[in-house]
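The structure file start_14.txt is reproduced below (compact mmCIF, C-alpha atoms).
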# COMPACT_ATOMS: atom_id res chain seq x y z
CA MET A 1 15.48 -24.54 21.70
CA PHE A 2 14.63 -22.07 24.51
CA ALA A 3 12.11 -24.59 25.89
CA GLU A 4 13.77 -24.28 29.29
CA PHE A 5 12.88 -20.59 29.20
CA GLY A 6 9.19 -21.18 28.67
CA VAL A 7 9.20 -20.78 24.87
CA ILE A 8 7.08 -23.29 22.97
CA SER A 9 7.96 -24.31 19.37
CA TYR A 10 10.57 -21.60 18.86
CA TRP A 11 11.34 -22.46 15.23
CA THR A 12 7.66 -22.40 14.33
CA TYR A 13 7.52 -18.94 15.85
CA PHE A 14 10.70 -17.94 13.99
CA ILE A 15 9.31 -18.94 10.60
CA GLY A 16 5.96 -17.30 11.35
CA ALA A 17 7.68 -14.08 12.40
CA ILE A 18 9.60 -13.98 9.12
CA PHE A 19 6.45 -14.23 7.04
CA ILE A 20 4.68 -11.63 9.17
CA ILE A 21 7.55 -9.14 8.82
CA LEU A 22 7.68 -9.70 5.06
CA VAL A 23 4.07 -8.51 4.73
CA PRO A 24 4.44 -4.85 3.64
CA GLY A 25 2.98 -2.18 5.89
CA PRO A 26 3.33 1.56 6.57
CA ASN A 27 6.62 1.09 8.43
CA THR A 28 8.13 -0.83 5.54
CA PHE A 29 7.20 1.78 2.95
CA PHE A 30 8.39 4.64 5.15
CA VAL A 31 11.80 3.08 5.71
CA LEU A 32 12.13 2.22 2.03
CA LYS A 33 11.15 5.71 0.89
CA THR A 34 13.49 7.35 3.39
CA SER A 35 16.45 5.19 2.37
CA ILE A 36 15.84 5.87 -1.33
CA ALA A 37 15.52 9.60 -0.74
CA GLY A 38 18.26 10.03 1.84
CA GLY A 39 20.59 7.05 1.74
CA LEU A 40 21.86 4.65 4.38
CA ARG A 41 22.02 7.03 7.33
CA ASN A 42 18.47 8.35 6.98
CA GLY A 43 17.21 4.86 6.24
CA TYR A 44 18.63 3.46 9.47
CA THR A 45 17.32 6.50 11.37
CA ALA A 46 13.82 5.67 10.12
CA ALA A 47 14.34 2.00 11.00
CA ALA A 48 15.47 2.97 14.51
CA GLY A 49 12.15 4.70 15.09
CA VAL A 50 10.34 1.54 14.06
CA PHE A 51 12.50 -0.62 16.33
CA ILE A 52 11.87 1.66 19.32
CA GLY A 53 8.14 1.82 18.57
CA ASP A 54 7.88 -1.94 18.23
CA ALA A 55 9.80 -2.43 21.48
CA VAL A 56 7.38 -0.09 23.27
CA LEU A 57 4.37 -1.88 21.80
CA MET A 58 5.76 -5.28 22.76
CA PHE A 59 6.34 -4.09 26.32
CA LEU A 60 2.81 -2.70 26.47
CA ALA A 61 1.49 -6.00 25.18
CA TYR A 62 3.40 -7.80 27.94
CA ALA A 63 2.10 -5.32 30.51
CA GLY A 64 -1.47 -6.06 29.46
CA VAL A 65 -2.30 -2.77 27.77
CA ALA A 66 -3.03 -4.56 24.51
CA THR A 67 -5.66 -6.70 26.21
CA LEU A 68 -7.21 -3.57 27.70
CA ILE A 69 -7.38 -1.88 24.30
CA LYS A 70 -8.78 -5.03 22.73
CA THR A 71 -11.54 -5.33 25.33
CA THR A 72 -12.36 -1.61 25.49
CA PRO A 73 -13.88 -0.39 22.19
CA VAL A 74 -13.44 3.30 23.09
CA LEU A 75 -9.70 2.97 23.62
CA PHE A 76 -9.35 0.85 20.51
CA ASN A 77 -11.19 3.44 18.42
CA ILE A 78 -9.09 6.31 19.80
CA VAL A 79 -5.84 4.59 18.84
CA ARG A 80 -7.30 3.47 15.53
CA TYR A 81 -8.42 6.94 14.44
CA LEU A 82 -5.22 8.58 15.62
CA GLY A 83 -3.28 6.11 13.50
CA ALA A 84 -5.54 6.66 10.49
CA ILE A 85 -5.24 10.45 10.78
CA TYR A 86 -1.46 10.27 10.97
CA LEU A 87 -1.24 7.94 7.97
CA LEU A 88 -3.56 10.23 6.01
CA TRP A 89 -1.43 13.25 6.93
CA LEU A 90 1.76 11.47 5.87
CA GLY A 91 0.27 10.32 2.56
CA GLY A 92 -1.23 13.75 1.88
CA LYS A 93 2.09 15.44 2.59
CA MET A 94 3.87 13.13 0.15
CA LEU A 95 1.31 13.83 -2.56
CA TYR A 96 1.45 17.58 -1.89
CA SER A 97 5.22 17.68 -2.12
CA THR A 98 5.08 15.66 -5.35
CA PHE A 99 2.50 17.68 -7.26
CA VAL A 100 2.71 21.16 -5.69
CA GLN A 101 6.28 21.62 -4.51
CA PRO A 102 9.27 21.10 -6.81
CA VAL A 103 11.07 17.80 -6.37
CA HIS A 104 14.60 18.06 -5.02
CA PRO A 105 15.57 14.59 -3.82
CA GLN A 106 19.05 15.73 -2.88
CA ASN A 107 17.60 17.94 -0.13
CA ASP A 108 16.48 14.84 1.74
CA ASP A 109 20.14 14.17 2.63
CA ASP A 110 19.99 17.23 4.87
CA ALA A 111 16.73 16.19 6.53
CA HIS A 112 16.75 16.52 10.29
CA LYS A 113 17.45 13.09 11.74
CA GLY A 114 15.23 13.82 14.72
CA ASP A 115 12.31 14.56 12.42
CA ILE A 116 12.75 11.25 10.59
CA LEU A 117 13.04 9.39 13.88
CA LYS A 118 9.93 11.10 15.25
CA ARG A 119 7.87 10.32 12.15
CA SER A 120 8.78 6.64 12.10
CA LEU A 121 8.24 6.35 15.87
CA VAL A 122 4.78 7.93 15.69
CA LEU A 123 3.95 5.76 12.69
CA SER A 124 4.83 2.66 14.66
CA LEU A 125 3.08 3.66 17.90
CA THR A 126 -0.19 4.68 16.23
CA ASN A 127 -0.79 1.27 14.69
CA PRO A 128 -3.28 -0.58 16.93
CA LYS A 129 -3.07 -3.66 14.74
CA ALA A 130 0.56 -4.10 15.79
CA ILE A 131 -0.08 -4.18 19.53
CA LEU A 132 -3.08 -6.49 19.09
CA PHE A 133 -0.91 -8.74 16.93
CA TYR A 134 1.81 -8.90 19.57
CA VAL A 135 -0.54 -9.94 22.35
CA SER A 136 -2.33 -12.53 20.18
CA PHE A 137 0.77 -13.96 18.47
CA PHE A 138 3.22 -14.15 21.36
CA VAL A 139 0.90 -15.91 23.79
CA GLN A 140 0.73 -18.92 21.48
CA PHE A 141 4.42 -19.62 22.10
CA ILE A 142 4.71 -18.94 25.83
CA ASP A 143 4.31 -21.70 28.40
CA ILE A 144 1.73 -20.33 30.84
CA HIS A 145 3.15 -22.56 33.56
CA TYR A 146 6.65 -21.08 33.30
CA ALA A 147 7.54 -19.10 36.43
CA ARG A 148 9.09 -16.13 34.58
CA PRO A 149 7.01 -15.36 31.46
CA GLY A 150 8.88 -12.06 31.08
CA VAL A 151 11.97 -14.01 30.02
CA SER A 152 9.96 -15.91 27.41
CA PHE A 153 8.44 -12.70 26.13
CA PHE A 154 11.88 -11.06 25.92
CA ILE A 155 13.26 -13.95 23.83
CA LEU A 156 10.35 -13.77 21.39
CA ALA A 157 10.50 -9.97 21.20
CA SER A 158 14.28 -9.96 20.62
CA THR A 159 13.91 -12.54 17.87
CA LEU A 160 11.31 -10.42 16.14
CA GLU A 161 13.48 -7.30 16.37
CA ILE A 162 16.51 -9.14 14.93
CA ILE A 163 14.51 -10.46 12.00
CA SER A 164 13.07 -6.98 11.46
CA PHE A 165 16.58 -5.47 11.54
CA CYS A 166 17.82 -7.91 8.88
CA TYR A 167 14.83 -7.21 6.64
CA PHE A 168 15.05 -3.45 7.02
CA SER A 169 18.81 -3.59 6.38
CA PHE A 170 18.10 -5.29 3.07
CA LEU A 171 15.56 -2.59 2.17
CA ILE A 172 17.87 0.23 3.26
CA VAL A 173 20.93 -1.03 1.39
CA THR A 174 18.87 -1.71 -1.72
CA GLY A 175 17.22 1.69 -1.46
CA SER A 176 20.53 3.50 -1.03
CA TYR A 177 21.83 1.98 -4.27
CA VAL A 178 18.76 3.30 -6.03
CA THR A 179 19.29 6.81 -4.60
CA GLN A 180 21.88 8.08 -7.06
CA TRP A 181 19.94 6.69 -9.99
CA VAL A 182 16.57 8.23 -9.13
CA LYS A 183 18.10 11.63 -8.37
CA THR A 184 18.68 12.10 -12.09
CA LYS A 185 15.15 11.02 -13.04
CA LYS A 186 12.63 13.52 -11.69
CA ARG A 187 9.62 11.92 -13.36
CA LEU A 188 10.43 8.56 -11.80
CA THR A 189 10.90 10.26 -8.44
CA ARG A 190 7.50 11.95 -8.71
CA LEU A 191 5.87 8.66 -9.69
CA GLY A 192 7.46 6.80 -6.77
CA ASN A 193 6.52 9.47 -4.25
CA SER A 194 2.96 9.67 -5.50
CA LEU A 195 2.52 5.89 -5.38
CA ILE A 196 3.85 5.67 -1.82
CA GLY A 197 1.65 8.63 -0.85
CA LEU A 198 -1.40 6.83 -2.24
CA ILE A 199 -0.38 3.66 -0.39
CA PHE A 200 -0.31 5.58 2.90
CA VAL A 201 -3.76 7.05 2.17
CA GLY A 202 -4.95 3.50 1.50
CA PHE A 203 -3.50 2.29 4.79
CA ALA A 204 -5.32 5.16 6.54
CA ALA A 205 -8.63 4.15 4.98
CA ARG A 206 -8.15 0.52 5.91
CA LEU A 207 -7.17 1.36 9.48
CA ALA A 208 -10.17 3.70 9.87
CA THR A 209 -12.52 0.86 8.93
CA LEU A 210 -10.78 -1.74 11.11
CA GLN A 211 -13.07 -3.47 13.54
CA SER A 212 -12.06 -4.05 17.16
The structure in this file should be written as structure tokens.
Amino acid sequence: MFAEFGVISYWTYFIGAIFIILVPGPNTFFVLKTSIAGGLRNGYTAAAGVFIGDAVLMFLAYAGVATLIKTTPVLFNIVRYLGAIYLLWLGGKMLYSTFVQPVHPQNDDDAHKGDILKRSLVLSLTNPKAILFYVSFFVQFIDIHYARPGVSFFILASTLEIISFCYFSFLIVTGSYVTQWVKTKKRLTRLGNSLIGLIFVGFAARLATLQS
């Protein structure tokens, strides 16, 4: 399948992409938290930011920027620390709102959609591991002798986005069903927010110590 378009072992790639997407990361937790706090609409707004960010990163990988970052330690470190700082800020803000500010989950329904989109987009774009993954994973399934590698790259990128959409849809729908239940349980809400905040701080620490 798609061999005539320069794609090698498409189904192997498809299965690998599923497993890679299922590995939880900052994007996953952000979309899940947003859908639990704000329902379907906010959840899909957060997911849209991730989709746009991933599309940008995949294009940059195709354009060769990923290789440049990978071979230039200074650029890699800049992106790495920016990502770590943003994750730390996000996690710290969640913890602050949990323990310092009163919890009002219903207010999240009125959250500015642009703010949610911006946060998820920045979260996606400041993850250097993602762009390095794209350039190292995709090349394994592209025939270097094919005349139009952009077509091959587009097929692989579209497949990844579709799988990601299905997975995020599952998280968003599941999270929206939990919304009404957690709104009546403030202690559970505080516990969930604090755990996700700590997870983001952990992601920041791991990203800060990532080696190029």
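Residue nearest Gly175 (chain A) within the list A:Ala46, A:Ala157, A:Leu32, A:Ile20: A:Leu32 [criterion: smallest interatomic distance, only C-alpha atoms].
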Original post:
Nearest to Ile131 (chain A) among A:Tyr146, A:Tyr167, A:Trp89, A:Phe59, with distances taken over all atoms listed in the file: which residue is it?
Top reply: A:Phe59
Original post:
Which residues come within 8 Å of region 11-15 of chain A, counting all atoms listed in the file, excluding same-chain residues fewer than 4 positions away, as a PyMOL selection string?
Top reply: chain A and resi 1+19+141+159-160
**OP:** For each of A:Leu171, A:Gly202, A:Gln140, A:Thr209, take the minimum atom-to-atom distance to Val31 (chain A), counting only C-alpha atoms, then give the residue where this is smallest.
**Re:**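 Counting only C-alpha atoms, the residue closest to Val31 (chain A) is A:Leu171.
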**OP:** In Å, rounded to a single decimal, give me how far CA of Phe30 (chain A) is from CA of Leu88 (chain A).
**Re:** 13.2 Å
Write out as a PDB file with C-alpha atoms, keeping the file's coordinate frame the residues lying within 10 Å of Ala48 (chain A), counting only C-alpha atoms and excluding same-chain residues fewer than 3 positions away.
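To be explicit, this is the file written out as part13.pdb:
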ATOM      1  CA  VAL A  31      11.800   3.080   5.710  1.00  0.00           C
ATOM      2  CA  ASN A  42      18.470   8.350   6.980  1.00  0.00           C
ATOM      3  CA  GLY A  43      17.210   4.860   6.240  1.00  0.00           C
ATOM      4  CA  TYR A  44      18.630   3.460   9.470  1.00  0.00           C
ATOM      5  CA  THR A  45      17.320   6.500  11.370  1.00  0.00           C
ATOM      6  CA  PHE A  51      12.500  -0.620  16.330  1.00  0.00           C
ATOM      7  CA  ILE A  52      11.870   1.660  19.320  1.00  0.00           C
ATOM      8  CA  GLY A  53       8.140   1.820  18.570  1.00  0.00           C
ATOM      9  CA  ASP A  54       7.880  -1.940  18.230  1.00  0.00           C
ATOM     10  CA  ILE A 116      12.750  11.250  10.590  1.00  0.00           C
ATOM     11  CA  LEU A 117      13.040   9.390  13.880  1.00  0.00           C
ATOM     12  CA  LYS A 118       9.930  11.100  15.250  1.00  0.00           C
ATOM     13  CA  SER A 120       8.780   6.640  12.100  1.00  0.00           C
ATOM     14  CA  LEU A 121       8.240   6.350  15.870  1.00  0.00           C
ATOM     15  CA  PHE A 165      16.580  -5.470  11.540  1.00  0.00           C
ATOM     16  CA  PHE A 168      15.050  -3.450   7.020  1.00  0.00           C
TER      17      PHE A 168
END
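Those DNA, RNA and protein residues that approach the point (3.1, 2.8, 9.8) to within 6 Å, considering only C-alpha atoms, are Pro26, Asn27, Leu123 and Ser124 of chain A.
Interatomic distance, CA of Thr126 (chain A) to CA of Gly39 (chain A): 25.4 Å.
The spacing separating CA of Ser35 (chain A) from CA of Phe170 (chain A) amounts to 10.6 Å.
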